[in-house]
Amino acid sequence: GGHTAVSLFYVSHKIYAGKPGLAGLPATFGDENACETLELFCEDPVLGLKVTLLYTAFSDVDVITRSVRIENDGEMLYLTKALSFSMDMDNRDFTLLTMHGSWARERMLEHRKVKKGFMGVESVRGESSHQEHPFMALAAGNADQSQGEVYGMHFVYSGNFIGQVELGQFDTVRVGMGIHPENFCWKLEKGDSFQTPEVVLVYSDTGYDGMTHQFHELYRNHLIRSEYKDKKRPILINNWEATYFDFNTEKLLSIAKKAAELGIEMLVMDDGWFGHRNDDSTSLGDWYVNEEKLNGGLKHLVDEVNKLGLKFGIWFEPEMISPDSKLYEAHPDWAIQIPGRKPVKGRNQLLLDFSRKEVVDAVYEQMCQVLDQGNIEYVKWDMNRNMTEIGSPAWPAKKQKEVAHRYMLGLYKILENLTSNFPNILFESCSGGGGRFDGGMLYYMPQTWTSDDTDAIERLKIQEGTSLVYPTSAMGSHVSAVPNHQVHRMTPLNTRGVVAMAGSFGYELDITKMTDEEKEEVKSQVELYKNIRSTVQFGDLYRLKSAFNSNEVAWMNLSKDGKKAVVSYVKKYAEPNVIPGRLKVKALNEEALYEVIETGEVFGGDELMYIGLEIGELTGDYQAKSWTLRKID
């Protein structure tokens with residue numbers, strides 16, 4: 001009728017054990033022992049609109065999830081806004097915590113007092129984005145890292161989103177989160193339905209650490225589905241910063257041979273192995289092996305790497321198409337574009353129209369043909385440009401504002417098919433680094449390349465921000481060469497190792513060019529990480545000193561049984577005339593004894609928490625140290 005109005009009335013409800021899946025969307029899951037679901041059935045009798053509000057409460061974590069199912073039982077209407085949740089609270093001197101950034105500077109933390117008017121985060125880039133993040137937290141009063149009440153909100157979706165906070169006239173706070181209404185409109189004919197993605201709502205009464213633990217536990221146990229969910233992630237070496245596009249079979253095997261000698265477990269072949277791609281201007285969409293580079297073919301390379309005792313991984317960018325490609329020559333209409341307008345390229349490429357089934361099916365078939373060629377055990381899935389000039393010839397004019405969300409449904413469909421048909425492959429998400437590090441992708445891919453910035457000092461903030469929500473096992477983190485390729489900083493190899501061991505560990509350099517001394521240090525790092533890997537990837541994380549407000553940065557990983565802890569410390573800049581300090585740890589048993597594995601010293605848990613570890617004298621900038629603690633039974 002041209003009006004914008006909905007008035008919903010309660011009709012009925014049901015409560016049951018377990019949690020339903022969301023049609024076509026990633027979502028948390030749990031059986032009848034893990035959670036309980038409330039469905040509130042509401043109706044607008046004037047429109048004939050039925051709306052179901054879905055709430056699931058988990059028993060093992062302080063989490064409620066919320067989503068909305070909308071069904072049209074009346075005349076045709078247009079859905080122009082469909083947030084996944086909205087909630088009103090009394091203001092309690094709230095501080096809003098959000099994450100912002102850019103390429104190579106993702107998930108920087110920002111704290112703002114909640115004031116009158118609108119505040120929040122958003123992305124209309126067609127992805128969760130480098131610039132903003134689909135997360136907000138409200139911290140009450142003087143809440144800090146380890147005490148006080150915190151309410152966390154996180155959107156399990158990879159496309160356009162909005163998270164908003166409004167302090168109203170009566171000192172009440174309204175928060176909401178969901179698909180961004182800008183350029184969104186969904187046509188609902190009689191009998192049609194629409195399912196919103198879900199929002200995860202976390203409560204903590206032990207500050208930001210408690211919020212982090214709730215998110216980590218939920219995502220490890222109720223979002224990640226891969227067989228790698230509880231499996232140690234392999235230590236890998238990626239050839240990207242070692243060779244960029246300039247490689248062949250012999251070069252890759254030389255890296256693999258040296259990596260195997262040093263205990264590394266996987267070789268990943270990055271961009272440049274397909275079509276006629278020798279730079280970033282061609283061949284995306286032509287997913288067939290360039291045998292001028294890989295003489296003998298892909299299977300030969302994989303077999304040779306496997307003979308060395310290494311697993312093999314490969315890079316794809318399946319959502320993209322290069323104008324200089326055979327696929328574009330055959331199907332120029334498969335690129336997202338507005339008819340009559342010259343499409344703007346980003347990184348010399350366009351975006352494939354994943355709102356179209358035939359496009360999704362064609363890309364899926366190409367990928368299967370590659371993955372079936374050998375024993376490929378890892379896929380790095382990249383996405384290097386935003387969505388712009390959104391249009392599709394597959395849909396009529398009144399459905400063009402559906403394309404961005406239909407794209408996400410197509411993406412999730414291909415990921416569902418791939419992960420189901422190749423369950424033994426470890427999939428890692430990437431979007432120019434961390435541009436699409438979100439819960440939606442985590443559902444299909446248990447880890448994400450955290451950032452294209454591999455500098456150890458820059459990574460301190462990036463990884464701290466990321467770890468606020470995501471398990472350490474989900475964060476790809478590598479040692480790279482110096483001078484660093486992004487900021488040209490020189491940092492010690494030890495420091496690069498300590499920082500990279502805060503996630504799923506690996507290397508991003510040409511190991512064949514290292515000195516013998518450096519290779520021995522790499523060997524020691526690999527051996528150390530194998531000993532602490534379970535604690536780091538699956539233990540509880542505690543932030544001891546923040547990279548955002550201190551020259552010193554420290555964190556701690558504590559195993560679930562409390563018997564092992566890894567404590568890591570970095571001092572960014574040297575200071576004159578200071579006394580070597582101590583580092584207090586958290587969450588140990590005060591009455592137990594703990595051995596420092598590196599030195600054999602034994603301390604009481606109370607000593608370590610209230611007096612601390614002696615850091616000792618560190619010389620120069622960018623110095624790091626780590627300790628491994630073992631509880632003495």
# chains A, B, ... in the order shown; residues from 1 in each chain; ligands from 1
call {"tool": "residues_around", "arguments": {"residues": "range 332-345 of chain A", "least_positions_apart": "6", "cutoff": "8 Å", "atoms": "only C-alpha atoms", "output": "ChimeraX atom specification"}}
result
/A:321,323,351-353,359,388-393
call {"tool": "residues_around", "arguments": {"residues": "Cys368 in chain A", "least_positions_apart": "3", "cutoff": "12 Å", "atoms": "only C-alpha atoms", "output": "ChimeraX atom specification"}}
result
/A:287-288,316,318,361-365,371-374,376,379,414-415,417-419,421-422
call {"tool": "write_last_selection", "arguments": {"atoms": "N, CA, C and O atoms", "output": "mmCIF file, in the first residue's frame"}}
result
data_model
loop_
_atom_site.group_PDB
_atom_site.id
_atom_site.type_symbol
_atom_site.label_atom_id
_atom_site.label_comp_id
_atom_site.auth_asym_id
_atom_site.auth_seq_id
_atom_site.Cartn_x
_atom_site.Cartn_y
_atom_site.Cartn_z
ATOM 1 N N TRP A 287 40.579 -21.666 -13.403
ATOM 2 C CA TRP A 287 41.169 -22.531 -12.378
ATOM 3 C C TRP A 287 41.648 -23.843 -12.990
ATOM 4 O O TRP A 287 41.095 -24.915 -12.743
ATOM 5 N N TYR A 288 42.701 -23.711 -13.814
ATOM 6 C CA TYR A 288 43.408 -24.877 -14.333
ATOM 7 C C TYR A 288 44.901 -24.605 -14.202
ATOM 8 O O TYR A 288 45.360 -23.453 -14.226
ATOM 9 N N PHE A 316 43.199 -20.302 -3.560
ATOM 10 C CA PHE A 316 42.183 -19.963 -4.557
ATOM 11 C C PHE A 316 41.635 -18.572 -4.261
ATOM 12 O O PHE A 316 41.634 -18.128 -3.103
ATOM 13 N N PRO A 318 38.104 -17.789 -5.486
ATOM 14 C CA PRO A 318 37.017 -18.273 -6.343
ATOM 15 C C PRO A 318 35.923 -17.259 -6.635
ATOM 16 O O PRO A 318 35.161 -17.440 -7.590
ATOM 17 N N ASP A 361 27.650 -22.933 -9.431
ATOM 18 C CA ASP A 361 27.880 -24.322 -9.868
ATOM 19 C C ASP A 361 29.142 -24.441 -10.719
ATOM 20 O O ASP A 361 29.907 -25.414 -10.584
ATOM 21 N N ALA A 362 29.380 -23.468 -11.601
ATOM 22 C CA ALA A 362 30.550 -23.521 -12.484
ATOM 23 C C ALA A 362 31.845 -23.400 -11.685
ATOM 24 O O ALA A 362 32.818 -24.126 -11.935
ATOM 25 N N VAL A 363 31.880 -22.476 -10.721
ATOM 26 C CA VAL A 363 33.079 -22.301 -9.900
ATOM 27 C C VAL A 363 33.310 -23.538 -9.035
ATOM 28 O O VAL A 363 34.444 -24.014 -8.900
ATOM 29 N N TYR A 364 32.247 -24.070 -8.476
ATOM 30 C CA TYR A 364 32.366 -25.275 -7.653
ATOM 31 C C TYR A 364 32.954 -26.431 -8.464
ATOM 32 O O TYR A 364 33.854 -27.145 -7.996
ATOM 33 N N GLU A 365 32.473 -26.601 -9.694
ATOM 34 C CA GLU A 365 32.964 -27.693 -10.540
ATOM 35 C C GLU A 365 34.444 -27.514 -10.850
ATOM 36 O O GLU A 365 35.219 -28.486 -10.797
ATOM 37 N N LEU A 371 40.881 -29.952 -6.846
ATOM 38 C CA LEU A 371 41.066 -30.633 -5.567
ATOM 39 C C LEU A 371 41.109 -32.145 -5.718
ATOM 40 O O LEU A 371 41.662 -32.841 -4.857
ATOM 41 N N ASP A 372 40.554 -32.651 -6.802
ATOM 42 C CA ASP A 372 40.583 -34.095 -7.051
ATOM 43 C C ASP A 372 41.903 -34.574 -7.672
ATOM 44 O O ASP A 372 42.100 -35.775 -7.853
ATOM 45 N N GLN A 373 42.809 -33.641 -7.980
ATOM 46 C CA GLN A 373 44.041 -34.020 -8.686
ATOM 47 C C GLN A 373 45.114 -34.596 -7.780
ATOM 48 O O GLN A 373 46.079 -35.189 -8.273
ATOM 49 N N GLY A 374 44.988 -34.396 -6.496
ATOM 50 C CA GLY A 374 46.046 -34.895 -5.614
ATOM 51 C C GLY A 374 45.612 -34.838 -4.169
ATOM 52 O O GLY A 374 44.477 -34.460 -3.842
ATOM 53 N N ILE A 376 45.415 -32.968 -1.592
ATOM 54 C CA ILE A 376 45.416 -31.580 -1.113
ATOM 55 C C ILE A 376 44.693 -31.537 0.223
ATOM 56 O O ILE A 376 43.545 -31.967 0.334
ATOM 57 N N VAL A 379 43.136 -25.529 1.970
ATOM 58 C CA VAL A 379 42.765 -24.532 0.966
ATOM 59 C C VAL A 379 42.731 -23.161 1.629
ATOM 60 O O VAL A 379 42.053 -22.970 2.653
ATOM 61 N N ILE A 414 28.172 -22.576 -1.819
ATOM 62 C CA ILE A 414 29.363 -23.233 -2.361
ATOM 63 C C ILE A 414 30.275 -23.703 -1.227
ATOM 64 O O ILE A 414 30.877 -24.782 -1.309
ATOM 65 N N LEU A 415 30.353 -22.929 -0.139
ATOM 66 C CA LEU A 415 31.178 -23.351 0.990
ATOM 67 C C LEU A 415 30.594 -24.582 1.670
ATOM 68 O O LEU A 415 31.331 -25.475 2.105
ATOM 69 N N ASN A 417 28.848 -26.925 0.193
ATOM 70 C CA ASN A 417 29.119 -28.069 -0.679
ATOM 71 C C ASN A 417 30.581 -28.500 -0.606
ATOM 72 O O ASN A 417 30.895 -29.698 -0.523
ATOM 73 N N LEU A 418 31.491 -27.537 -0.634
ATOM 74 C CA LEU A 418 32.917 -27.874 -0.606
ATOM 75 C C LEU A 418 33.322 -28.524 0.708
ATOM 76 O O LEU A 418 34.017 -29.545 0.726
ATOM 77 N N THR A 419 32.899 -27.929 1.810
ATOM 78 C CA THR A 419 33.322 -28.462 3.109
ATOM 79 C C THR A 419 32.662 -29.810 3.393
ATOM 80 O O THR A 419 33.219 -30.634 4.122
ATOM 81 N N ASN A 421 31.865 -32.064 0.923
ATOM 82 C CA ASN A 421 32.422 -33.051 0.001
ATOM 83 C C ASN A 421 33.923 -33.243 0.165
ATOM 84 O O ASN A 421 34.482 -34.241 -0.316
ATOM 85 N N PHE A 422 34.593 -32.297 0.833
ATOM 86 C CA PHE A 422 36.019 -32.437 1.120
ATOM 87 C C PHE A 422 36.236 -32.233 2.625
ATOM 88 O O PHE A 422 36.906 -31.283 3.055
#
call {"tool": "residues_around", "arguments": {"residues": "Asp31 in chain A", "least_positions_apart": "6", "cutoff": "10 Å", "atoms": "only C-alpha atoms", "output": "PyMOL selection string"}}
result
chain A and resi 17-20+58+222
call {"tool": "write_last_selection", "arguments": {"atoms": "all heavy atoms", "output": "CSV table (one decimal), in the first residue's frame"}}
result
chain,number,residue,atom,x,y,z
A,17,ALA,N,14.2,-28.5,23.6
A,17,ALA,CA,15.6,-28.7,23.7
A,17,ALA,C,16.3,-28.8,22.4
A,17,ALA,O,15.7,-29.2,21.4
A,17,ALA,CB,15.8,-30.1,24.4
A,18,GLY,N,17.5,-28.3,22.3
A,18,GLY,CA,18.2,-28.2,21.0
A,18,GLY,C,18.1,-26.9,20.3
A,18,GLY,O,17.5,-25.9,20.9
A,19,LYS,N,18.5,-26.9,19.1
A,19,LYS,CA,18.6,-25.6,18.3
A,19,LYS,C,18.4,-25.9,16.8
A,19,LYS,O,19.1,-26.8,16.3
A,19,LYS,CB,19.9,-24.9,18.5
A,19,LYS,CG,20.0,-23.5,17.8
A,19,LYS,CD,21.3,-22.8,18.2
A,19,LYS,CE,21.4,-21.4,17.7
A,19,LYS,NZ,21.4,-21.3,16.2
A,20,PRO,N,17.5,-25.3,16.1
A,20,PRO,CA,17.3,-25.5,14.7
A,20,PRO,C,18.4,-24.8,13.9
A,20,PRO,O,18.9,-23.8,14.3
A,20,PRO,CB,15.9,-24.9,14.4
A,20,PRO,CG,15.8,-23.8,15.4
A,20,PRO,CD,16.5,-24.3,16.6
A,58,PHE,N,22.3,-21.3,25.7
A,58,PHE,CA,23.2,-22.4,25.9
A,58,PHE,C,23.5,-22.7,27.3
A,58,PHE,O,23.5,-21.8,28.2
A,58,PHE,CB,24.5,-22.1,25.1
A,58,PHE,CG,24.4,-22.2,23.6
A,58,PHE,CD1,23.9,-21.1,22.9
A,58,PHE,CD2,24.7,-23.3,23.0
A,58,PHE,CE1,23.8,-21.2,21.5
A,58,PHE,CE2,24.6,-23.4,21.6
A,58,PHE,CZ,24.1,-22.3,20.9
A,222,HIS,N,30.4,-24.8,19.3
A,222,HIS,CA,29.0,-24.7,18.7
A,222,HIS,C,29.0,-23.9,17.5
A,222,HIS,O,27.9,-23.5,17.0
A,222,HIS,CB,28.1,-24.1,19.8
A,222,HIS,CG,28.0,-24.8,21.1
A,222,HIS,ND1,27.4,-26.1,21.1
A,222,HIS,CD2,28.4,-24.6,22.3
A,222,HIS,CE1,27.4,-26.5,22.4
A,222,HIS,NE2,28.1,-25.6,23.1
call {"tool": "residues_around", "arguments": {"residues": "Ser546 in chain A", "least_positions_apart": "6", "cutoff": "9 Å", "atoms": "only C-alpha atoms", "output": "MDAnalysis selection string"}}
result
chainID A and resid 460:461 464 552:555
call {"tool": "write_last_selection", "arguments": {"atoms": "C-alpha atoms", "output": "CSV table (one decimal), in the first residue's frame"}}
result
chain,number,residue,atom,x,y,z
A,460,LEU,CA,50.4,-7.2,18.6
A,461,LYS,CA,47.4,-4.9,18.3
A,464,GLU,CA,44.9,-8.7,20.5
A,552,GLU,CA,54.8,-3.8,27.2
A,553,VAL,CA,52.5,-6.4,25.8
A,554,ALA,CA,51.8,-9.8,27.5
A,555,TRP,CA,49.3,-12.6,27.3
call {"tool": "select_by_dssp", "arguments": {"residues": "range 420-555 of chain A", "states": "helix (DSSP H, G or I)", "output": "PyMOL selection string"}}
result
chain A and resi 420-421+439-444+456-467+472-474+493-500+511-513+516-538
call {"tool": "residues_around", "arguments": {"residues": "range 115-128 of chain A", "least_positions_apart": "2", "cutoff": "7 Å", "atoms": "only C-alpha atoms", "output": "list of chain:residue names"}}
result
A:Lys113, A:Glu132, A:His133, A:Pro134, A:Ser158, A:Gly159, A:Asn160, A:Phe161, A:Ile162, A:Gly163, A:Gln164, A:Val165, A:Glu166, A:Leu167, A:Gly168, A:Asn386, A:Met387, A:Ala404, A:Gly435, A:Arg436, A:Asp438
call {"tool": "write_last_selection", "arguments": {"atoms": "N, CA and C atoms", "output": "short mmCIF file (atom, residue, chain, number, x, y, z; two decimals), in the first residue's frame"}}
result
data_model
loop_
_atom_site.label_atom_id
_atom_site.label_comp_id
_atom_site.auth_asym_id
_atom_site.auth_seq_id
_atom_site.Cartn_x
_atom_site.Cartn_y
_atom_site.Cartn_z
N LYS A 113 32.46 6.49 25.44
CA LYS A 113 31.33 6.61 26.35
C LYS A 113 30.04 6.70 25.55
N GLU A 132 35.43 -1.94 9.51
CA GLU A 132 34.58 -2.09 10.68
C GLU A 132 34.43 -3.58 10.97
N HIS A 133 33.79 -3.89 12.09
CA HIS A 133 33.65 -5.29 12.45
C HIS A 133 32.27 -5.51 13.04
N PRO A 134 31.60 -6.65 12.72
CA PRO A 134 30.24 -6.87 13.20
C PRO A 134 30.19 -7.29 14.67
N SER A 158 28.63 -12.46 6.91
CA SER A 158 29.85 -12.01 6.24
C SER A 158 29.64 -10.84 5.29
N GLY A 159 28.42 -10.33 5.21
CA GLY A 159 28.11 -9.25 4.28
C GLY A 159 27.82 -7.94 4.97
N ASN A 160 26.99 -7.10 4.34
CA ASN A 160 26.67 -5.78 4.88
C ASN A 160 25.97 -5.91 6.23
N PHE A 161 26.36 -5.08 7.19
CA PHE A 161 25.77 -5.16 8.53
C PHE A 161 25.70 -3.79 9.16
N ILE A 162 24.89 -3.69 10.20
CA ILE A 162 24.87 -2.51 11.06
C ILE A 162 24.72 -2.96 12.49
N GLY A 163 25.47 -2.32 13.39
CA GLY A 163 25.30 -2.49 14.82
C GLY A 163 25.13 -1.10 15.41
N GLN A 164 24.04 -0.87 16.13
CA GLN A 164 23.75 0.51 16.55
C GLN A 164 23.38 0.57 18.02
N VAL A 165 23.76 1.70 18.65
CA VAL A 165 23.46 1.97 20.04
C VAL A 165 22.86 3.37 20.10
N GLU A 166 21.77 3.51 20.85
CA GLU A 166 21.14 4.83 20.99
C GLU A 166 20.82 5.06 22.46
N LEU A 167 21.33 6.17 23.01
CA LEU A 167 20.97 6.60 24.36
C LEU A 167 19.82 7.58 24.24
N GLY A 168 18.67 7.20 24.79
CA GLY A 168 17.46 7.98 24.60
C GLY A 168 17.19 9.00 25.68
N ASN A 386 36.20 -5.32 -2.59
CA ASN A 386 34.86 -5.12 -2.07
C ASN A 386 33.82 -5.21 -3.18
N MET A 387 32.58 -5.23 -2.79
CA MET A 387 31.45 -5.27 -3.71
C MET A 387 31.00 -3.84 -4.03
N ALA A 404 22.94 -8.27 -3.06
CA ALA A 404 24.05 -8.36 -2.10
C ALA A 404 23.83 -9.52 -1.12
N GLY A 435 40.04 -9.01 6.06
CA GLY A 435 38.87 -8.22 5.68
C GLY A 435 37.56 -8.95 5.81
N ARG A 436 37.58 -10.26 6.03
CA ARG A 436 36.33 -10.99 6.24
C ARG A 436 36.55 -12.04 7.32
N ASP A 438 35.07 -13.24 10.25
CA ASP A 438 33.77 -13.12 10.92
C ASP A 438 33.21 -14.50 11.24
#
call {"tool": "closest_residue", "arguments": {"among": "A:Ala34, A:Val46, A:Leu298, A:Met136", "to": "Glu110 in chain A", "atoms": "only C-alpha atoms"}}
result
A:Met136
call {"tool": "residues_around", "arguments": {"residues": "Asp171 in chain A", "least_positions_apart": "6", "cutoff": "12 Å", "atoms": "only C-alpha atoms", "output": "mmCIF file with C-alpha atoms, in the first residue's frame"}}
result
data_model
loop_
_atom_site.group_PDB
_atom_site.id
_atom_site.type_symbol
_atom_site.label_atom_id
_atom_site.label_comp_id
_atom_site.auth_asym_id
_atom_site.auth_seq_id
_atom_site.Cartn_x
_atom_site.Cartn_y
_atom_site.Cartn_z
ATOM 1 C CA ASP A 88 16.492 -2.027 25.545
ATOM 2 C CA MET A 89 18.491 -1.599 28.748
ATOM 3 C CA ASP A 90 18.836 0.955 31.508
ATOM 4 C CA ASN A 91 22.022 2.960 31.044
ATOM 5 C CA ARG A 92 24.685 1.982 33.566
ATOM 6 C CA ASP A 93 27.403 4.421 32.591
ATOM 7 C CA PHE A 94 28.097 2.213 29.577
ATOM 8 C CA VAL A 114 27.735 6.012 25.295
ATOM 9 C CA LYS A 115 26.193 9.461 24.803
ATOM 10 C CA LYS A 116 22.955 10.847 23.426
ATOM 11 C CA GLY A 117 22.243 9.985 19.808
#
call {"tool": "residues_around", "arguments": {"residues": "His213 in chain A", "least_positions_apart": "3", "cutoff": "8 Å", "atoms": "only C-alpha atoms", "output": "short mmCIF file (atom, residue, chain, number, x, y, z; two decimals) with C-alpha atoms, in the first residue's frame"}}
result
data_model
loop_
_atom_site.label_atom_id
_atom_site.label_comp_id
_atom_site.auth_asym_id
_atom_site.auth_seq_id
_atom_site.Cartn_x
_atom_site.Cartn_y
_atom_site.Cartn_z
CA ASP A 209 38.45 -11.73 29.75
CA GLY A 210 35.18 -13.37 30.74
CA HIS A 216 35.86 -18.76 22.47
CA GLU A 217 34.00 -21.65 24.12
CA ASP A 540 41.93 -20.15 27.85
CA LEU A 541 43.43 -16.81 26.87
#
call {"tool": "select_by_dssp", "arguments": {"residues": "range 75-308 of chain A", "states": "strand (DSSP E or B)", "output": "ChimeraX atom specification"}}
result
/A:77-79,83-90,95-100,108-113,116-123,132,135-139,148,150-155,161-167,172-179,186-188,193-195,199-204,206,236-238,266-269,274,289
call {"tool": "write_last_selection", "arguments": {"atoms": "C-alpha atoms", "output": "short mmCIF file (atom, residue, chain, number, x, y, z; two decimals), in the first residue's frame"}}
result
data_model
loop_
_atom_site.label_atom_id
_atom_site.label_comp_id
_atom_site.auth_asym_id
_atom_site.auth_seq_id
_atom_site.Cartn_x
_atom_site.Cartn_y
_atom_site.Cartn_z
CA LEU A 77 5.03 -6.56 0.34
CA TYR A 78 8.62 -5.32 0.52
CA LEU A 79 10.87 -5.96 3.48
CA LEU A 83 17.56 -6.57 12.03
CA SER A 84 18.30 -9.79 13.86
CA PHE A 85 17.82 -8.41 17.35
CA SER A 86 16.91 -5.29 19.28
CA MET A 87 17.15 -4.81 23.04
CA ASP A 88 16.49 -2.03 25.54
CA MET A 89 18.49 -1.60 28.75
CA ASP A 90 18.84 0.95 31.51
CA THR A 95 31.25 2.34 27.49
CA LEU A 96 30.93 1.07 23.92
CA LEU A 97 33.79 -1.09 22.64
CA THR A 98 34.08 -1.51 18.86
CA MET A 99 36.72 -2.55 16.33
CA HIS A 100 37.84 -0.47 13.36
CA MET A 108 41.86 -1.86 16.36
CA LEU A 109 39.98 -1.45 19.65
CA GLU A 110 38.11 1.78 20.37
CA HIS A 111 36.35 2.67 23.63
CA ARG A 112 33.69 5.43 23.63
CA LYS A 113 31.33 6.61 26.35
CA LYS A 116 22.95 10.85 23.43
CA GLY A 117 22.24 9.98 19.81
CA PHE A 118 23.29 7.11 17.57
CA MET A 119 26.62 5.30 17.78
CA GLY A 120 27.78 2.04 16.29
CA VAL A 121 29.48 0.18 13.44
CA GLU A 122 28.52 -0.65 9.88
CA SER A 123 29.72 -1.96 6.55
CA GLU A 132 34.58 -2.09 10.68
CA PHE A 135 30.87 -6.71 16.94
CA MET A 136 29.98 -4.38 19.80
CA ALA A 137 30.32 -4.62 23.57
CA LEU A 138 28.76 -2.51 26.32
CA ALA A 139 30.87 -2.37 29.48
CA GLY A 148 32.86 -5.84 35.88
CA VAL A 150 30.22 -6.69 29.88
CA TYR A 151 27.56 -7.40 27.25
CA GLY A 152 29.00 -8.59 23.92
CA MET A 153 27.14 -8.71 20.58
CA HIS A 154 28.45 -10.44 17.47
CA PHE A 155 26.77 -10.95 14.08
CA PHE A 161 25.77 -5.16 8.53
CA ILE A 162 24.87 -2.51 11.06
CA GLY A 163 25.30 -2.49 14.82
CA GLN A 164 23.75 0.51 16.55
CA VAL A 165 23.46 1.97 20.04
CA GLU A 166 21.14 4.83 20.99
CA LEU A 167 20.97 6.60 24.36
CA THR A 172 17.73 4.08 28.38
CA VAL A 173 19.95 2.36 25.84
CA ARG A 174 18.63 0.60 22.74
CA VAL A 175 20.98 -1.72 20.89
CA GLY A 176 20.36 -3.56 17.63
CA MET A 177 22.26 -5.50 15.00
CA GLY A 178 21.57 -7.09 11.64
CA ILE A 179 21.76 -6.78 7.86
CA TRP A 186 13.42 -8.03 -0.20
CA LYS A 187 10.26 -8.72 -2.16
CA LEU A 188 7.89 -11.10 -0.35
CA SER A 193 9.71 -16.18 3.77
CA PHE A 194 12.94 -14.52 4.86
CA GLN A 195 15.39 -15.70 7.52
CA VAL A 199 23.34 -12.46 16.57
CA VAL A 200 25.32 -13.97 19.43
CA LEU A 201 24.75 -12.22 22.77
CA VAL A 202 27.32 -12.83 25.52
CA TYR A 203 27.25 -11.81 29.17
CA SER A 204 30.30 -11.59 31.44
CA THR A 206 34.41 -10.92 34.93
CA LEU A 236 52.88 -24.49 7.64
CA ILE A 237 55.11 -22.50 5.34
CA ASN A 238 53.48 -20.34 2.67
CA MET A 266 52.84 -28.33 5.47
CA LEU A 267 53.72 -26.41 2.29
CA VAL A 268 51.09 -23.99 0.96
CA MET A 269 51.32 -22.85 -2.67
CA PHE A 274 46.84 -21.16 -12.62
CA VAL A 289 47.08 -25.54 -13.68
#
call {"tool": "closest_residue", "arguments": {"among": "A:Val602, A:Leu493, A:Met609, A:Ala143", "to": "Leu544 in chain A", "atoms": "only C-alpha atoms"}}
result
A:Met609
call {"tool": "closest_residue", "arguments": {"among": "A:Glu575, A:Arg630, A:Gly581, A:Leu22", "to": "Asp561 in chain A", "atoms": "only C-alpha atoms"}}
result
A:Arg630
call {"tool": "atom_distance", "arguments": {"atom1": "CA of Arg459 in chain A", "atom2": "CA of Arg496 in chain A"}}
result
9.6 Å
call {"tool": "closest_residue", "arguments": {"among": "A:Lys519, A:Lys326, A:Lys563, A:Arg105", "to": "Ala260 in chain A", "atoms": "only C-alpha atoms"}}
result
A:Lys519
